[in-house]
$ cat target-v1.cif   # mmCIF, N, CA and C atoms
data_start
loop_
_atom_site.label_atom_id
_atom_site.label_comp_id
_atom_site.auth_asym_id
_atom_site.auth_seq_id
_atom_site.Cartn_x
_atom_site.Cartn_y
_atom_site.Cartn_z
N MET A 1 0.82 -1.19 0.00
CA MET A 1 0.00 0.00 0.00
C MET A 1 0.87 1.26 0.00
N MET A 2 2.05 1.16 0.63
CA MET A 2 2.93 2.32 0.68
C MET A 2 3.38 2.74 -0.72
N HIS A 3 3.67 1.77 -1.58
CA HIS A 3 4.09 2.09 -2.95
C HIS A 3 2.94 2.73 -3.74
N TYR A 4 1.74 2.26 -3.45
CA TYR A 4 0.55 2.80 -4.10
C TYR A 4 0.37 4.27 -3.76
N LEU A 5 0.52 4.61 -2.48
CA LEU A 5 0.37 6.00 -2.06
C LEU A 5 1.55 6.85 -2.47
N LEU A 6 2.74 6.26 -2.52
CA LEU A 6 3.90 7.01 -3.00
C LEU A 6 3.70 7.43 -4.44
N CYS A 7 3.11 6.56 -5.23
CA CYS A 7 2.80 6.89 -6.62
C CYS A 7 1.78 8.02 -6.69
N CYS A 8 0.83 8.02 -5.76
CA CYS A 8 -0.19 9.09 -5.74
C CYS A 8 0.42 10.46 -5.49
N PHE A 9 1.56 10.50 -4.80
CA PHE A 9 2.21 11.78 -4.53
C PHE A 9 3.29 12.12 -5.56
N SER A 10 4.02 11.13 -6.02
CA SER A 10 5.14 11.42 -6.91
C SER A 10 4.69 11.74 -8.33
N VAL A 11 3.67 11.07 -8.84
CA VAL A 11 3.22 11.33 -10.21
C VAL A 11 2.69 12.76 -10.36
N PRO A 12 1.85 13.27 -9.44
CA PRO A 12 1.44 14.68 -9.58
C PRO A 12 2.60 15.67 -9.49
N LEU A 13 3.60 15.37 -8.66
CA LEU A 13 4.75 16.27 -8.58
C LEU A 13 5.54 16.27 -9.88
N ILE A 14 5.71 15.10 -10.47
CA ILE A 14 6.41 15.01 -11.75
C ILE A 14 5.61 15.72 -12.84
N SER A 15 4.29 15.57 -12.82
CA SER A 15 3.45 16.27 -13.79
C SER A 15 3.54 17.78 -13.62
N THR A 16 3.62 18.24 -12.38
CA THR A 16 3.77 19.67 -12.12
C THR A 16 5.10 20.18 -12.67
N LEU A 17 6.16 19.41 -12.45
CA LEU A 17 7.45 19.79 -13.00
C LEU A 17 7.43 19.82 -14.53
N GLN A 18 6.74 18.88 -15.15
CA GLN A 18 6.64 18.87 -16.61
C GLN A 18 5.92 20.11 -17.13
N VAL A 19 4.86 20.52 -16.44
CA VAL A 19 4.13 21.71 -16.87
C VAL A 19 5.00 22.95 -16.71
N LEU A 20 5.74 23.04 -15.60
CA LEU A 20 6.58 24.20 -15.37
C LEU A 20 7.76 24.28 -16.34
N ARG A 21 8.22 23.14 -16.83
CA ARG A 21 9.34 23.12 -17.79
C ARG A 21 8.86 23.11 -19.23
N ASN A 22 7.55 23.24 -19.46
CA ASN A 22 6.95 23.19 -20.79
C ASN A 22 7.30 21.90 -21.53
N ASP A 23 7.39 20.83 -20.80
CA ASP A 23 7.67 19.51 -21.37
C ASP A 23 6.39 18.69 -21.27
N LEU A 24 5.39 19.10 -22.05
CA LEU A 24 4.07 18.50 -21.95
C LEU A 24 4.01 17.20 -22.76
N ALA A 25 3.42 16.21 -22.16
CA ALA A 25 3.21 14.93 -22.81
C ALA A 25 1.71 14.61 -22.77
N PHE A 26 1.36 13.48 -23.32
CA PHE A 26 -0.05 13.09 -23.40
C PHE A 26 -0.67 12.89 -22.01
N LEU A 27 0.08 12.32 -21.09
CA LEU A 27 -0.45 12.01 -19.77
C LEU A 27 -0.08 13.04 -18.69
N THR A 28 0.45 14.18 -19.08
CA THR A 28 0.88 15.18 -18.10
C THR A 28 -0.28 15.65 -17.23
N PHE A 29 -1.37 16.07 -17.85
CA PHE A 29 -2.49 16.60 -17.09
C PHE A 29 -3.28 15.51 -16.40
N THR A 30 -3.26 14.31 -16.96
CA THR A 30 -3.92 13.19 -16.29
C THR A 30 -3.18 12.84 -15.00
N GLY A 31 -1.86 12.86 -15.04
CA GLY A 31 -1.07 12.53 -13.86
C GLY A 31 -1.20 13.55 -12.75
N ALA A 32 -1.54 14.78 -13.11
CA ALA A 32 -1.66 15.82 -12.09
C ALA A 32 -2.85 15.59 -11.16
N PHE A 33 -3.84 14.84 -11.62
CA PHE A 33 -5.04 14.65 -10.81
C PHE A 33 -5.14 13.27 -10.17
N ILE A 34 -4.07 12.49 -10.23
CA ILE A 34 -4.07 11.18 -9.57
C ILE A 34 -4.23 11.36 -8.07
N ASN A 35 -3.64 12.40 -7.53
CA ASN A 35 -3.77 12.66 -6.10
C ASN A 35 -5.23 12.81 -5.70
N LEU A 36 -6.00 13.51 -6.51
CA LEU A 36 -7.42 13.71 -6.20
C LEU A 36 -8.24 12.47 -6.49
N ALA A 37 -7.88 11.73 -7.54
CA ALA A 37 -8.69 10.59 -7.96
C ALA A 37 -8.42 9.33 -7.15
N VAL A 38 -7.24 9.21 -6.53
CA VAL A 38 -6.90 7.98 -5.83
C VAL A 38 -6.77 8.22 -4.32
N PHE A 39 -5.98 9.18 -3.93
CA PHE A 39 -5.71 9.39 -2.50
C PHE A 39 -6.91 9.94 -1.75
N MET A 40 -7.61 10.87 -2.33
CA MET A 40 -8.75 11.47 -1.64
C MET A 40 -9.86 10.46 -1.34
N PRO A 41 -10.26 9.59 -2.29
CA PRO A 41 -11.28 8.59 -1.92
C PRO A 41 -10.84 7.65 -0.81
N ILE A 42 -9.56 7.29 -0.77
CA ILE A 42 -9.06 6.44 0.32
C ILE A 42 -9.16 7.18 1.64
N ALA A 43 -8.82 8.47 1.64
CA ALA A 43 -8.92 9.27 2.87
C ALA A 43 -10.37 9.43 3.31
N VAL A 44 -11.28 9.61 2.36
CA VAL A 44 -12.70 9.74 2.70
C VAL A 44 -13.23 8.43 3.30
N LEU A 45 -12.84 7.28 2.71
CA LEU A 45 -13.26 6.00 3.26
C LEU A 45 -12.70 5.77 4.66
N SER A 46 -11.46 6.16 4.88
CA SER A 46 -10.87 6.03 6.20
C SER A 46 -11.59 6.91 7.21
N GLN A 47 -11.96 8.11 6.81
CA GLN A 47 -12.70 9.01 7.70
C GLN A 47 -14.08 8.42 8.03
N ARG A 48 -14.74 7.85 7.03
CA ARG A 48 -16.04 7.23 7.29
C ARG A 48 -15.91 6.03 8.23
N LEU A 49 -14.85 5.25 8.07
CA LEU A 49 -14.60 4.13 8.96
C LEU A 49 -14.41 4.61 10.39
N SER A 50 -13.66 5.68 10.56
CA SER A 50 -13.43 6.25 11.89
C SER A 50 -14.74 6.79 12.48
N ASP A 51 -15.53 7.47 11.68
CA ASP A 51 -16.81 8.00 12.16
C ASP A 51 -17.76 6.87 12.55
N ALA A 52 -17.78 5.78 11.77
CA ALA A 52 -18.65 4.65 12.10
C ALA A 52 -18.19 3.98 13.39
N SER A 53 -16.89 3.89 13.61
CA SER A 53 -16.37 3.31 14.83
C SER A 53 -16.76 4.13 16.06
N ILE A 54 -16.71 5.44 15.91
CA ILE A 54 -17.13 6.32 17.01
C ILE A 54 -18.64 6.18 17.26
N ALA A 55 -19.43 6.03 16.20
CA ALA A 55 -20.87 5.86 16.36
C ALA A 55 -21.20 4.54 17.06
N VAL A 56 -20.45 3.47 16.73
CA VAL A 56 -20.66 2.19 17.39
C VAL A 56 -20.34 2.31 18.88
N ARG A 57 -19.24 3.02 19.18
CA ARG A 57 -18.86 3.19 20.58
C ARG A 57 -19.93 3.96 21.36
N SER A 58 -20.43 5.05 20.80
CA SER A 58 -21.44 5.83 21.52
C SER A 58 -22.75 5.06 21.63
N GLY A 59 -23.10 4.28 20.60
CA GLY A 59 -24.31 3.46 20.67
C GLY A 59 -24.19 2.36 21.71
N ALA A 60 -23.02 1.75 21.82
CA ALA A 60 -22.81 0.71 22.83
C ALA A 60 -22.85 1.31 24.23
N TYR A 61 -22.32 2.50 24.40
CA TYR A 61 -22.36 3.16 25.71
C TYR A 61 -23.81 3.46 26.10
N THR A 62 -24.57 4.01 25.17
CA THR A 62 -25.97 4.31 25.45
C THR A 62 -26.76 3.05 25.77
N ALA A 63 -26.52 1.99 25.01
CA ALA A 63 -27.24 0.73 25.24
C ALA A 63 -26.84 0.11 26.58
N ALA A 64 -25.58 0.21 26.95
CA ALA A 64 -25.13 -0.38 28.21
C ALA A 64 -25.77 0.31 29.41
N MET A 65 -26.07 1.58 29.27
CA MET A 65 -26.65 2.30 30.39
C MET A 65 -28.17 2.14 30.47
N THR A 66 -28.79 1.67 29.40
CA THR A 66 -30.26 1.57 29.39
C THR A 66 -30.77 0.14 29.46
N VAL A 67 -29.88 -0.85 29.53
CA VAL A 67 -30.30 -2.25 29.57
C VAL A 67 -30.92 -2.55 30.93
N ARG A 68 -32.09 -3.17 30.91
CA ARG A 68 -32.77 -3.59 32.14
C ARG A 68 -33.35 -4.98 31.90
N GLY A 69 -33.56 -5.70 32.96
CA GLY A 69 -34.20 -7.00 32.84
C GLY A 69 -33.35 -8.10 33.45
N ALA A 70 -33.77 -9.33 33.23
CA ALA A 70 -33.11 -10.49 33.84
C ALA A 70 -31.73 -10.76 33.24
N GLU A 71 -31.54 -10.43 31.98
CA GLU A 71 -30.27 -10.72 31.32
C GLU A 71 -29.36 -9.49 31.29
N THR A 72 -29.45 -8.67 32.26
CA THR A 72 -28.69 -7.42 32.28
C THR A 72 -27.19 -7.64 32.34
N VAL A 73 -26.72 -8.52 33.19
CA VAL A 73 -25.28 -8.69 33.38
C VAL A 73 -24.59 -9.22 32.12
N PRO A 74 -25.06 -10.28 31.47
CA PRO A 74 -24.37 -10.73 30.25
C PRO A 74 -24.41 -9.70 29.12
N VAL A 75 -25.54 -9.02 29.00
CA VAL A 75 -25.66 -8.01 27.93
C VAL A 75 -24.70 -6.87 28.20
N ARG A 76 -24.61 -6.43 29.43
CA ARG A 76 -23.69 -5.34 29.77
C ARG A 76 -22.24 -5.76 29.55
N GLN A 77 -21.92 -7.02 29.86
CA GLN A 77 -20.55 -7.49 29.65
C GLN A 77 -20.19 -7.47 28.16
N VAL A 78 -21.12 -7.89 27.32
CA VAL A 78 -20.88 -7.86 25.87
C VAL A 78 -20.72 -6.41 25.40
N LEU A 79 -21.57 -5.53 25.87
CA LEU A 79 -21.48 -4.12 25.47
C LEU A 79 -20.20 -3.47 25.99
N GLN A 80 -19.73 -3.88 27.16
CA GLN A 80 -18.47 -3.36 27.67
C GLN A 80 -17.30 -3.86 26.83
N LEU A 81 -17.39 -5.08 26.32
CA LEU A 81 -16.37 -5.57 25.39
C LEU A 81 -16.35 -4.74 24.10
N VAL A 82 -17.55 -4.40 23.62
CA VAL A 82 -17.63 -3.55 22.44
C VAL A 82 -17.01 -2.19 22.73
N LEU A 83 -17.30 -1.64 23.91
CA LEU A 83 -16.71 -0.35 24.30
C LEU A 83 -15.19 -0.44 24.39
N LEU A 84 -14.71 -1.54 24.92
CA LEU A 84 -13.27 -1.73 25.05
C LEU A 84 -12.60 -1.81 23.67
N GLU A 85 -13.21 -2.56 22.77
CA GLU A 85 -12.64 -2.71 21.43
C GLU A 85 -12.75 -1.43 20.60
N ALA A 86 -13.80 -0.66 20.84
CA ALA A 86 -14.01 0.57 20.08
C ALA A 86 -13.39 1.77 20.79
N GLY A 87 -12.53 1.54 21.76
CA GLY A 87 -11.91 2.63 22.50
C GLY A 87 -11.08 3.54 21.63
N ARG A 88 -10.37 2.94 20.70
CA ARG A 88 -9.59 3.73 19.74
C ARG A 88 -10.27 3.59 18.39
N PRO A 89 -10.70 4.69 17.79
CA PRO A 89 -11.44 4.61 16.53
C PRO A 89 -10.61 3.92 15.43
N ALA A 90 -11.28 3.09 14.66
CA ALA A 90 -10.63 2.40 13.55
C ALA A 90 -10.40 3.38 12.41
N CYS A 91 -9.26 3.26 11.75
CA CYS A 91 -8.98 4.06 10.57
C CYS A 91 -7.86 3.39 9.79
N LEU A 92 -7.73 3.75 8.54
CA LEU A 92 -6.63 3.25 7.73
C LEU A 92 -5.39 4.07 8.06
N SER A 93 -4.28 3.41 8.21
CA SER A 93 -3.05 4.15 8.49
C SER A 93 -1.90 3.53 7.71
N ILE A 94 -0.94 4.35 7.42
CA ILE A 94 0.24 3.93 6.67
C ILE A 94 1.46 4.21 7.53
N LYS A 95 2.33 3.23 7.61
CA LYS A 95 3.56 3.40 8.39
C LYS A 95 4.36 4.57 7.81
N GLY A 96 4.69 5.51 8.66
CA GLY A 96 5.44 6.68 8.23
C GLY A 96 4.56 7.88 7.93
N LEU A 97 3.30 7.64 7.53
CA LEU A 97 2.38 8.73 7.23
C LEU A 97 1.36 8.95 8.34
N GLY A 98 1.07 7.90 9.08
CA GLY A 98 0.08 8.00 10.14
C GLY A 98 -1.30 7.69 9.62
N PRO A 99 -2.33 8.08 10.36
CA PRO A 99 -3.70 7.76 9.94
C PRO A 99 -4.12 8.58 8.72
N LEU A 100 -4.85 7.93 7.83
CA LEU A 100 -5.37 8.63 6.66
C LEU A 100 -6.76 9.16 7.00
N THR A 101 -6.85 10.45 7.17
CA THR A 101 -8.12 11.10 7.45
C THR A 101 -8.26 12.28 6.50
N LEU A 102 -9.38 12.95 6.60
CA LEU A 102 -9.57 14.12 5.74
C LEU A 102 -8.58 15.23 6.08
N SER A 103 -8.20 15.34 7.34
CA SER A 103 -7.22 16.37 7.70
C SER A 103 -5.84 16.04 7.11
N SER A 104 -5.46 14.76 7.12
CA SER A 104 -4.17 14.41 6.51
C SER A 104 -4.21 14.58 5.00
N ALA A 105 -5.36 14.31 4.38
CA ALA A 105 -5.50 14.54 2.94
C ALA A 105 -5.40 16.04 2.63
N GLY A 106 -6.02 16.86 3.48
CA GLY A 106 -5.91 18.31 3.30
C GLY A 106 -4.48 18.79 3.47
N ASN A 107 -3.76 18.22 4.43
CA ASN A 107 -2.35 18.57 4.61
C ASN A 107 -1.52 18.18 3.39
N ALA A 108 -1.82 17.02 2.81
CA ALA A 108 -1.09 16.59 1.62
C ALA A 108 -1.35 17.52 0.44
N LEU A 109 -2.60 17.93 0.27
CA LEU A 109 -2.92 18.87 -0.83
C LEU A 109 -2.27 20.23 -0.59
N ARG A 110 -2.25 20.69 0.67
CA ARG A 110 -1.58 21.97 0.96
C ARG A 110 -0.08 21.88 0.68
N ALA A 111 0.54 20.74 1.03
CA ALA A 111 1.97 20.57 0.77
C ALA A 111 2.24 20.56 -0.73
N TRP A 112 1.38 19.89 -1.50
CA TRP A 112 1.55 19.86 -2.95
C TRP A 112 1.39 21.27 -3.53
N PHE A 113 0.41 22.04 -3.04
CA PHE A 113 0.19 23.39 -3.50
C PHE A 113 1.38 24.28 -3.14
N SER A 114 1.92 24.12 -1.93
CA SER A 114 3.09 24.91 -1.52
C SER A 114 4.30 24.56 -2.38
N PHE A 115 4.49 23.27 -2.64
CA PHE A 115 5.60 22.85 -3.48
C PHE A 115 5.47 23.44 -4.88
N THR A 116 4.26 23.44 -5.41
CA THR A 116 4.03 24.01 -6.74
C THR A 116 4.31 25.51 -6.74
N ASN A 117 3.88 26.22 -5.69
CA ASN A 117 4.13 27.67 -5.62
C ASN A 117 5.61 27.96 -5.53
N VAL A 118 6.36 27.17 -4.77
CA VAL A 118 7.79 27.37 -4.67
C VAL A 118 8.45 27.16 -6.04
N LEU A 119 8.03 26.12 -6.74
CA LEU A 119 8.60 25.87 -8.07
C LEU A 119 8.27 26.98 -9.06
N ILE A 120 7.06 27.54 -8.96
CA ILE A 120 6.67 28.63 -9.87
C ILE A 120 7.52 29.86 -9.56
N LYS A 121 7.75 30.18 -8.30
CA LYS A 121 8.53 31.36 -7.93
C LYS A 121 9.99 31.20 -8.29
N VAL A 122 10.51 29.98 -8.16
CA VAL A 122 11.93 29.73 -8.50
C VAL A 122 12.12 29.77 -10.00
N GLY A 123 11.16 29.16 -10.72
CA GLY A 123 11.27 29.04 -12.18
C GLY A 123 10.91 30.29 -12.83
#
$ encode --input "target-v1.cif" --output "structure tokens"
Amino acid sequence: MMHYLLCCFSVPLISTLQVLRNDLAFLTFTGAFINLAVFMPIAVLSQRLSDASIAVRSGAYTAAMTVRGAETVPVRQVLQLVLLEAGRPACLSIKGLGPLTLSSAGNALRAWFSFTNVLIKVG
């Protein structure tokens, strides 16, 4: 997965350099949007996974506090296990990059934009 994401960052940077050097090829503009077409959907899915994990945790907490009846103890024990497992929200993460969320995707786009601005000012 790391190589897949590395490609998502390196191809748009190479495409940006090609545009700045007027070395346009057939796939130059297509490569510039790989970051948006590949990395952003992965980050959105990771964010949804994290949000769903938080919703499961809050639902289990609410259910554990409202359970009544003869089977209260086993049901509460199961719900406490769910709370324990959902203590840390699930998300996709990459070694070296950390969790993939919408904020990390925004940081990646800002870094790409900053890199492009630096190249435009230098060139």
$ residues_around --input "target-v1.cif" --residues "segment 15-28 of chain A" --least-positions-apart "3" --cutoff "8 Å" --atoms "only N, CA and C atoms" --output "PyMOL selection string"
chain A and resi 10-12+31-33+116+119-120+123
$ write_last_selection --input "target-v1.cif" --atoms "N, CA and C atoms" --output "PDB file, in the frame of the given file"
ATOM      1  N   SER A  10       4.020  11.130  -6.020  1.00  0.00           N
ATOM      2  CA  SER A  10       5.140  11.420  -6.910  1.00  0.00           C
ATOM      3  C   SER A  10       4.690  11.740  -8.330  1.00  0.00           C
ATOM      4  N   VAL A  11       3.670  11.070  -8.840  1.00  0.00           N
ATOM      5  CA  VAL A  11       3.220  11.330 -10.210  1.00  0.00           C
ATOM      6  C   VAL A  11       2.690  12.760 -10.360  1.00  0.00           C
ATOM      7  N   PRO A  12       1.850  13.270  -9.440  1.00  0.00           N
ATOM      8  CA  PRO A  12       1.440  14.680  -9.580  1.00  0.00           C
ATOM      9  C   PRO A  12       2.600  15.670  -9.490  1.00  0.00           C
ATOM     10  N   GLY A  31      -1.860  12.860 -15.040  1.00  0.00           N
ATOM     11  CA  GLY A  31      -1.070  12.530 -13.860  1.00  0.00           C
ATOM     12  C   GLY A  31      -1.200  13.550 -12.750  1.00  0.00           C
ATOM     13  N   ALA A  32      -1.540  14.780 -13.110  1.00  0.00           N
ATOM     14  CA  ALA A  32      -1.660  15.820 -12.090  1.00  0.00           C
ATOM     15  C   ALA A  32      -2.850  15.590 -11.160  1.00  0.00           C
ATOM     16  N   PHE A  33      -3.840  14.840 -11.620  1.00  0.00           N
ATOM     17  CA  PHE A  33      -5.040  14.650 -10.810  1.00  0.00           C
ATOM     18  C   PHE A  33      -5.140  13.270 -10.170  1.00  0.00           C
ATOM     19  N   THR A 116       4.260  23.440  -5.410  1.00  0.00           N
ATOM     20  CA  THR A 116       4.030  24.010  -6.740  1.00  0.00           C
ATOM     21  C   THR A 116       4.310  25.510  -6.740  1.00  0.00           C
ATOM     22  N   LEU A 119       8.030  26.120  -6.740  1.00  0.00           N
ATOM     23  CA  LEU A 119       8.600  25.870  -8.070  1.00  0.00           C
ATOM     24  C   LEU A 119       8.270  26.980  -9.060  1.00  0.00           C
ATOM     25  N   ILE A 120       7.060  27.540  -8.960  1.00  0.00           N
ATOM     26  CA  ILE A 120       6.670  28.630  -9.870  1.00  0.00           C
ATOM     27  C   ILE A 120       7.520  29.860  -9.560  1.00  0.00           C
ATOM     28  N   GLY A 123      11.160  29.160 -10.720  1.00  0.00           N
ATOM     29  CA  GLY A 123      11.270  29.040 -12.180  1.00  0.00           C
ATOM     30  C   GLY A 123      10.910  30.290 -12.830  1.00  0.00           C
TER      31      GLY A 123
END
$ closest_residue --input "target-v1.cif" --among "A:Val67, A:Ile42, A:Leu49, A:Ala60" --to "Cys91 of chain A" --atoms "only C-alpha atoms"
A:Leu49
$ closest_residue --input "target-v1.cif" --among "A:Ile14, A:Ala90, A:Met65, A:Leu97" --to "Ser50 of chain A" --atoms "only C-alpha atoms"
A:Ala90
$ select_by_dssp --input "target-v1.cif" --residues "chain A" --states "helix (DSSP H, G or I)" --output "number ranges by chain"
A: 2-20, 28-32, 34-66, 72-85, 102-122
$ resolve_selection --input "target-v1.cif" --expression "the PyMOL selection byres ((chain A and resi 85-87) around 8)" --output "PDB file with N, CA and C atoms, in the frame of the given file"
ATOM      1  N   SER A  53     -16.890   3.890  13.610  1.00  0.00           N
ATOM      2  CA  SER A  53     -16.370   3.310  14.830  1.00  0.00           C
ATOM      3  C   SER A  53     -16.760   4.130  16.060  1.00  0.00           C
ATOM      4  N   ILE A  54     -16.710   5.440  15.910  1.00  0.00           N
ATOM      5  CA  ILE A  54     -17.130   6.320  17.010  1.00  0.00           C
ATOM      6  C   ILE A  54     -18.640   6.180  17.260  1.00  0.00           C
ATOM      7  N   VAL A  56     -20.450   3.470  16.730  1.00  0.00           N
ATOM      8  CA  VAL A  56     -20.660   2.190  17.390  1.00  0.00           C
ATOM      9  C   VAL A  56     -20.340   2.310  18.880  1.00  0.00           C
ATOM     10  N   ARG A  57     -19.240   3.020  19.180  1.00  0.00           N
ATOM     11  CA  ARG A  57     -18.860   3.190  20.580  1.00  0.00           C
ATOM     12  C   ARG A  57     -19.930   3.960  21.360  1.00  0.00           C
ATOM     13  N   SER A  58     -20.430   5.050  20.800  1.00  0.00           N
ATOM     14  CA  SER A  58     -21.440   5.830  21.520  1.00  0.00           C
ATOM     15  C   SER A  58     -22.750   5.060  21.630  1.00  0.00           C
ATOM     16  N   LEU A  79     -21.570  -5.530  25.870  1.00  0.00           N
ATOM     17  CA  LEU A  79     -21.480  -4.120  25.470  1.00  0.00           C
ATOM     18  C   LEU A  79     -20.200  -3.470  25.990  1.00  0.00           C
ATOM     19  N   GLN A  80     -19.730  -3.880  27.160  1.00  0.00           N
ATOM     20  CA  GLN A  80     -18.470  -3.360  27.670  1.00  0.00           C
ATOM     21  C   GLN A  80     -17.300  -3.860  26.830  1.00  0.00           C
ATOM     22  N   LEU A  81     -17.390  -5.080  26.320  1.00  0.00           N
ATOM     23  CA  LEU A  81     -16.370  -5.570  25.390  1.00  0.00           C
ATOM     24  C   LEU A  81     -16.350  -4.740  24.100  1.00  0.00           C
ATOM     25  N   VAL A  82     -17.550  -4.400  23.620  1.00  0.00           N
ATOM     26  CA  VAL A  82     -17.630  -3.550  22.440  1.00  0.00           C
ATOM     27  C   VAL A  82     -17.010  -2.190  22.730  1.00  0.00           C
ATOM     28  N   LEU A  83     -17.300  -1.640  23.910  1.00  0.00           N
ATOM     29  CA  LEU A  83     -16.710  -0.350  24.300  1.00  0.00           C
ATOM     30  C   LEU A  83     -15.190  -0.440  24.390  1.00  0.00           C
ATOM     31  N   LEU A  84     -14.710  -1.540  24.920  1.00  0.00           N
ATOM     32  CA  LEU A  84     -13.270  -1.730  25.050  1.00  0.00           C
ATOM     33  C   LEU A  84     -12.600  -1.810  23.670  1.00  0.00           C
ATOM     34  N   ARG A  88     -10.370   2.940  20.700  1.00  0.00           N
ATOM     35  CA  ARG A  88      -9.590   3.730  19.740  1.00  0.00           C
ATOM     36  C   ARG A  88     -10.270   3.590  18.390  1.00  0.00           C
ATOM     37  N   PRO A  89     -10.700   4.690  17.790  1.00  0.00           N
ATOM     38  CA  PRO A  89     -11.440   4.610  16.530  1.00  0.00           C
ATOM     39  C   PRO A  89     -10.610   3.920  15.430  1.00  0.00           C
ATOM     40  N   ALA A  90     -11.280   3.090  14.660  1.00  0.00           N
ATOM     41  CA  ALA A  90     -10.630   2.400  13.550  1.00  0.00           C
ATOM     42  C   ALA A  90     -10.400   3.380  12.410  1.00  0.00           C
TER      43      ALA A  90
END
$ residues_around --input "target-v1.cif" --residues "segment 98-106 of chain A" --least-positions-apart "3" --cutoff "6.5 Å" --atoms "all atoms listed in the file" --output "PyMOL selection string"
chain A and resi 40+42-44+46-47+91-95+109-111
$ atom_distance --input "target-v1.cif" --atom1 "atom N of Trp112 of chain A" --atom2 "atom CA of Leu36 of chain A"
11.7 Å
$ select_by_dssp --input "target-v1.cif" --residues "segment 15-107 of chain A" --states "strand (DSSP E or B)" --output "PyMOL selection string"
chain A and resi 93-94+98-99
$ atom_distance --input "target-v1.cif" --atom1 "atom CA of Gln77 of chain A" --atom2 "atom CA of Ala64 of chain A"
8.6 Å
$ atom_distance --input "target-v1.cif" --atom1 "atom C of Cys8 of chain A" --atom2 "atom N of Ala37 of chain A"
8.6 Å
$ build_atoms --input "target-v1.cif" --residues "segment 13-26 of chain A" --atoms "N, CA, C and O atoms" --output "PDB file, keeping the file's coordinate frame"
ATOM      1  N   LEU A  13       3.600  15.370  -8.660  1.00  0.00           N
ATOM      2  CA  LEU A  13       4.750  16.270  -8.580  1.00  0.00           C
ATOM      3  C   LEU A  13       5.540  16.270  -9.880  1.00  0.00           C
ATOM      4  O   LEU A  13       5.986  17.315 -10.359  1.00  0.00           O
ATOM      5  N   ILE A  14       5.710  15.100 -10.470  1.00  0.00           N
ATOM      6  CA  ILE A  14       6.410  15.010 -11.750  1.00  0.00           C
ATOM      7  C   ILE A  14       5.610  15.720 -12.840  1.00  0.00           C
ATOM      8  O   ILE A  14       6.180  16.430 -13.679  1.00  0.00           O
ATOM      9  N   SER A  15       4.290  15.570 -12.820  1.00  0.00           N
ATOM     10  CA  SER A  15       3.450  16.270 -13.790  1.00  0.00           C
ATOM     11  C   SER A  15       3.540  17.780 -13.620  1.00  0.00           C
ATOM     12  O   SER A  15       3.570  18.524 -14.603  1.00  0.00           O
ATOM     13  N   THR A  16       3.620  18.240 -12.380  1.00  0.00           N
ATOM     14  CA  THR A  16       3.770  19.670 -12.120  1.00  0.00           C
ATOM     15  C   THR A  16       5.100  20.180 -12.670  1.00  0.00           C
ATOM     16  O   THR A  16       5.157  21.246 -13.291  1.00  0.00           O
ATOM     17  N   LEU A  17       6.160  19.410 -12.450  1.00  0.00           N
ATOM     18  CA  LEU A  17       7.450  19.790 -13.000  1.00  0.00           C
ATOM     19  C   LEU A  17       7.430  19.820 -14.530  1.00  0.00           C
ATOM     20  O   LEU A  17       8.043  20.704 -15.152  1.00  0.00           O
ATOM     21  N   GLN A  18       6.740  18.880 -15.150  1.00  0.00           N
ATOM     22  CA  GLN A  18       6.640  18.870 -16.610  1.00  0.00           C
ATOM     23  C   GLN A  18       5.920  20.110 -17.130  1.00  0.00           C
ATOM     24  O   GLN A  18       6.334  20.691 -18.133  1.00  0.00           O
ATOM     25  N   VAL A  19       4.860  20.520 -16.440  1.00  0.00           N
ATOM     26  CA  VAL A  19       4.130  21.710 -16.870  1.00  0.00           C
ATOM     27  C   VAL A  19       5.000  22.950 -16.710  1.00  0.00           C
ATOM     28  O   VAL A  19       5.052  23.820 -17.585  1.00  0.00           O
ATOM     29  N   LEU A  20       5.740  23.040 -15.600  1.00  0.00           N
ATOM     30  CA  LEU A  20       6.580  24.200 -15.370  1.00  0.00           C
ATOM     31  C   LEU A  20       7.760  24.280 -16.340  1.00  0.00           C
ATOM     32  O   LEU A  20       8.234  25.367 -16.655  1.00  0.00           O
ATOM     33  N   ARG A  21       8.220  23.140 -16.830  1.00  0.00           N
ATOM     34  CA  ARG A  21       9.340  23.120 -17.790  1.00  0.00           C
ATOM     35  C   ARG A  21       8.860  23.110 -19.230  1.00  0.00           C
ATOM     36  O   ARG A  21       9.668  22.994 -20.153  1.00  0.00           O
ATOM     37  N   ASN A  22       7.550  23.240 -19.460  1.00  0.00           N
ATOM     38  CA  ASN A  22       6.950  23.190 -20.790  1.00  0.00           C
ATOM     39  C   ASN A  22       7.300  21.900 -21.530  1.00  0.00           C
ATOM     40  O   ASN A  22       7.481  21.893 -22.738  1.00  0.00           O
ATOM     41  N   ASP A  23       7.390  20.830 -20.800  1.00  0.00           N
ATOM     42  CA  ASP A  23       7.670  19.510 -21.370  1.00  0.00           C
ATOM     43  C   ASP A  23       6.390  18.690 -21.270  1.00  0.00           C
ATOM     44  O   ASP A  23       6.287  17.733 -20.518  1.00  0.00           O
ATOM     45  N   LEU A  24       5.390  19.100 -22.050  1.00  0.00           N
ATOM     46  CA  LEU A  24       4.070  18.500 -21.950  1.00  0.00           C
ATOM     47  C   LEU A  24       4.010  17.200 -22.760  1.00  0.00           C
ATOM     48  O   LEU A  24       4.483  17.134 -23.886  1.00  0.00           O
ATOM     49  N   ALA A  25       3.420  16.210 -22.160  1.00  0.00           N
ATOM     50  CA  ALA A  25       3.210  14.930 -22.810  1.00  0.00           C
ATOM     51  C   ALA A  25       1.710  14.610 -22.770  1.00  0.00           C
ATOM     52  O   ALA A  25       0.915  15.366 -22.216  1.00  0.00           O
ATOM     53  N   PHE A  26       1.360  13.480 -23.320  1.00  0.00           N
ATOM     54  CA  PHE A  26      -0.050  13.090 -23.400  1.00  0.00           C
ATOM     55  C   PHE A  26      -0.670  12.890 -22.010  1.00  0.00           C
ATOM     56  O   PHE A  26      -1.791  13.270 -21.767  1.00  0.00           O
TER      57      PHE A  26
END
